[in-house]
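Trainee: Once you've had a glance at the structure underneath, I'll fire off some questions.
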Amino acid sequence: VPLPAIASPNNRTTTVSGLMYNLNQFRWTLTKETCSDFAITDVWRIEVWASANAPEEVCFEPIPLEGNDPAALGGTGLWTVAAGSGVFEDDTNRSTTVTASSRSTLNNYIWIVSVNGCSDQASVFVENNTPTTAVIIGPETYEICEDYTTLLANTPDYSAGETGMWTEIPVPSGNIEDPSSNITNVTGIGLGERQFMWEIDNDGCKSSDIVTVYN
């Protein structure tokens, strides 16, 4: 194990680098002819470090966060919000979750580990792509006497880059005039039970709702 390096051993005022964790002892010796005296000083280097992990992208909340164990170092930890937003389930727990994160800004969460007045921190960045919850507007089950109807659902958050899409499941029978519009007409609907799904997509994260039509 390499010893700490004293920059100027013969100078009463000097710097030292490469301190080992915990106790380091240094002796200052004065010598005159054959006589000498010395004094010892103790320098403690506190071991403190932080690491953190979280998913880079999520489609739902709560978001799991994981930091290193501060108790193993004899210290404590704290989660904070550096950018975006968030509410921690327990901001002092190294293994916690966060909700109410921003969908418009990249979220930056910091895990701070403190030991005896010394601290270190680690950052995680999380993109929240949770989509708007898809909702059918009006009855989710109804009957028709003709082979056409109008489908109505909520609007995606276009400002966040979301898109919407109607599909007939499991096998198409009718013609959806404008599949990407939350309000659209369907013609040529087959007899019996037919289901149409409204799906909102936010960068690959999806939410859907289904309306059932009996012709």
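Residue numbering restarts at 1 for every chain of the structure tokens, chains are lettered A, B, ... in their displayed order, and ligands are numbered from 1 as they appear.
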Tell me, as a ChimeraX atom specification, which residues lie within 6 Å of A:Thr97, counting only C-alpha atoms; anything in the same chain fewer than 2 positions away does not count.

Mentor: /A:62-65,88-89

Trainee: Neighbours of stretch 131-141 of chain A within 10 Å (only C-alpha atoms; same-chain residues fewer than 5 positions away dropped), as a VMD selection string?

Mentor: chain A and resid 59 to 60 103 151 to 157 160 to 164 182 to 183 193 to 214

Trainee: Write out as a PDB file with C-alpha atoms, in the first residue's frame the residues lying within 9 Å of stretch 83-86 of chain A, counting only C-alpha atoms and excluding same-chain residues fewer than 5 positions away.

Mentor:
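The resulting part_9.pdb:
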```pdb
ATOM      1  CA  VAL A  98     -40.493   8.701  -6.929  1.00  0.00           C
ATOM      2  CA  THR A  99     -43.793   9.932  -8.357  1.00  0.00           C
ATOM      3  CA  ALA A 100     -45.064  13.210  -9.868  1.00  0.00           C
ATOM      4  CA  SER A 101     -42.036  13.363 -12.170  1.00  0.00           C
ATOM      5  CA  SER A 102     -41.986  15.785 -15.087  1.00  0.00           C
ATOM      6  CA  ARG A 103     -43.177  14.630 -18.505  1.00  0.00           C
ATOM      7  CA  SER A 104     -41.805  17.711 -20.285  1.00  0.00           C
ATOM      8  CA  THR A 105     -38.320  17.958 -18.723  1.00  0.00           C
ATOM      9  CA  LEU A 106     -35.609  15.360 -18.176  1.00  0.00           C
ATOM     10  CA  ASN A 107     -35.711  14.495 -14.482  1.00  0.00           C
ATOM     11  CA  ASN A 108     -32.446  14.593 -12.541  1.00  0.00           C
ATOM     12  CA  TYR A 109     -32.360  13.002  -9.092  1.00  0.00           C
ATOM     13  CA  PHE A 125     -31.509  11.006 -15.226  1.00  0.00           C
TER      14      PHE A 125
END
```

Trainee: Compile the contact shell of A:Asp120 as JSON, numbers by chain: residues with an atom at most 7 Å away, counting only C-alpha atoms, same-chain residues fewer than 2 positions apart removed.

Mentor: {"A": [48, 49, 50, 112, 113, 114]}

Trainee: Taking N, CA, C and O atoms for each residue, export the selection above as an mmCIF file, in the first residue's frame.

Mentor:
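Written output follows (selection.cif):
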```cif
data_model
loop_
_atom_site.group_PDB
_atom_site.id
_atom_site.type_symbol
_atom_site.label_atom_id
_atom_site.label_comp_id
_atom_site.auth_asym_id
_atom_site.auth_seq_id
_atom_site.Cartn_x
_atom_site.Cartn_y
_atom_site.Cartn_z
ATOM 1 N N VAL A 48 -16.119 8.280 2.065
ATOM 2 C CA VAL A 48 -17.481 8.601 1.643
ATOM 3 C C VAL A 48 -17.542 8.587 0.122
ATOM 4 O O VAL A 48 -16.701 9.179 -0.551
ATOM 5 N N TRP A 49 -18.519 7.883 -0.407
ATOM 6 C CA TRP A 49 -18.722 7.844 -1.848
ATOM 7 C C TRP A 49 -20.198 7.535 -2.116
ATOM 8 O O TRP A 49 -20.901 6.972 -1.275
ATOM 9 N N ALA A 50 -20.655 7.940 -3.278
ATOM 10 C CA ALA A 50 -22.061 7.752 -3.642
ATOM 11 C C ALA A 50 -22.172 7.153 -5.038
ATOM 12 O O ALA A 50 -21.380 7.465 -5.930
ATOM 13 N N ILE A 112 -27.279 11.852 -2.177
ATOM 14 C CA ILE A 112 -26.189 12.457 -1.420
ATOM 15 C C ILE A 112 -25.881 11.595 -0.204
ATOM 16 O O ILE A 112 -26.771 11.317 0.605
ATOM 17 N N VAL A 113 -24.646 11.174 -0.089
ATOM 18 C CA VAL A 113 -24.192 10.390 1.060
ATOM 19 C C VAL A 113 -23.301 11.273 1.924
ATOM 20 O O VAL A 113 -22.348 11.882 1.415
ATOM 21 N N SER A 114 -23.607 11.350 3.223
ATOM 22 C CA SER A 114 -22.848 12.187 4.158
ATOM 23 C C SER A 114 -22.297 11.330 5.292
ATOM 24 O O SER A 114 -23.022 10.514 5.869
#
```

Trainee: Determine the nearest neighbour of A:Ile6 from the options A:Met165, A:Leu19, A:Val171, A:Ile176, counting only C-alpha atoms.

Mentor: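 Closest to A:Ile6, using only C-alpha atoms: A:Leu19.
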
Trainee: Among the residues of stretch 101-157 of chain A, find those DSSP assigns to strand (DSSP E) from the backbone and print them as a PyMOL selection string.

Mentor: chain A and resi 107-115+118-128+141-143+148-152

Trainee: Next, write the just-selected residues to a file, as a PDB file, in the first residue's frame, keeping C-alpha atoms as the atom set.

Mentor:
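Full text of out_8.pdb as output:
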```pdb
ATOM      1  CA  ASN A 107     -35.711  14.495 -14.482  1.00  0.00           C
ATOM      2  CA  ASN A 108     -32.446  14.593 -12.541  1.00  0.00           C
ATOM      3  CA  TYR A 109     -32.360  13.002  -9.092  1.00  0.00           C
ATOM      4  CA  ILE A 110     -29.322  13.189  -6.799  1.00  0.00           C
ATOM      5  CA  TRP A 111     -28.330  10.723  -4.064  1.00  0.00           C
ATOM      6  CA  ILE A 112     -26.189  12.457  -1.420  1.00  0.00           C
ATOM      7  CA  VAL A 113     -24.192  10.390   1.060  1.00  0.00           C
ATOM      8  CA  SER A 114     -22.848  12.187   4.158  1.00  0.00           C
ATOM      9  CA  VAL A 115     -20.343  10.848   6.678  1.00  0.00           C
ATOM     10  CA  CYS A 118     -17.984  14.882   4.374  1.00  0.00           C
ATOM     11  CA  SER A 119     -20.283  14.143   1.454  1.00  0.00           C
ATOM     12  CA  ASP A 120     -20.395  12.762  -2.060  1.00  0.00           C
ATOM     13  CA  GLN A 121     -23.218  12.623  -4.571  1.00  0.00           C
ATOM     14  CA  ALA A 122     -24.369  10.698  -7.633  1.00  0.00           C
ATOM     15  CA  SER A 123     -26.945  11.691 -10.277  1.00  0.00           C
ATOM     16  CA  VAL A 124     -29.502   9.717 -12.258  1.00  0.00           C
ATOM     17  CA  PHE A 125     -31.509  11.006 -15.226  1.00  0.00           C
ATOM     18  CA  VAL A 126     -34.985   9.663 -15.968  1.00  0.00           C
ATOM     19  CA  GLU A 127     -37.249  10.445 -18.923  1.00  0.00           C
ATOM     20  CA  ASN A 128     -40.919   9.999 -18.041  1.00  0.00           C
ATOM     21  CA  THR A 141     -70.890  -0.730 -24.762  1.00  0.00           C
ATOM     22  CA  TYR A 142     -73.858   0.091 -27.016  1.00  0.00           C
ATOM     23  CA  GLU A 143     -76.004  -1.201 -29.869  1.00  0.00           C
ATOM     24  CA  TYR A 148     -71.960   2.796 -39.062  1.00  0.00           C
ATOM     25  CA  THR A 149     -71.211   4.763 -35.870  1.00  0.00           C
ATOM     26  CA  THR A 150     -69.061   7.555 -34.492  1.00  0.00           C
ATOM     27  CA  LEU A 151     -66.170   6.772 -32.168  1.00  0.00           C
ATOM     28  CA  LEU A 152     -65.254   9.309 -29.496  1.00  0.00           C
TER      29      LEU A 152
END
```

Trainee: Using only C-alpha atoms, can you tell me which of A:Ser95, A:Thr184, A:Thr31, A:Gln25 comes closest to A:Pro4?

Mentor: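 The answer is A:Gln25, which sits nearest to A:Pro4.
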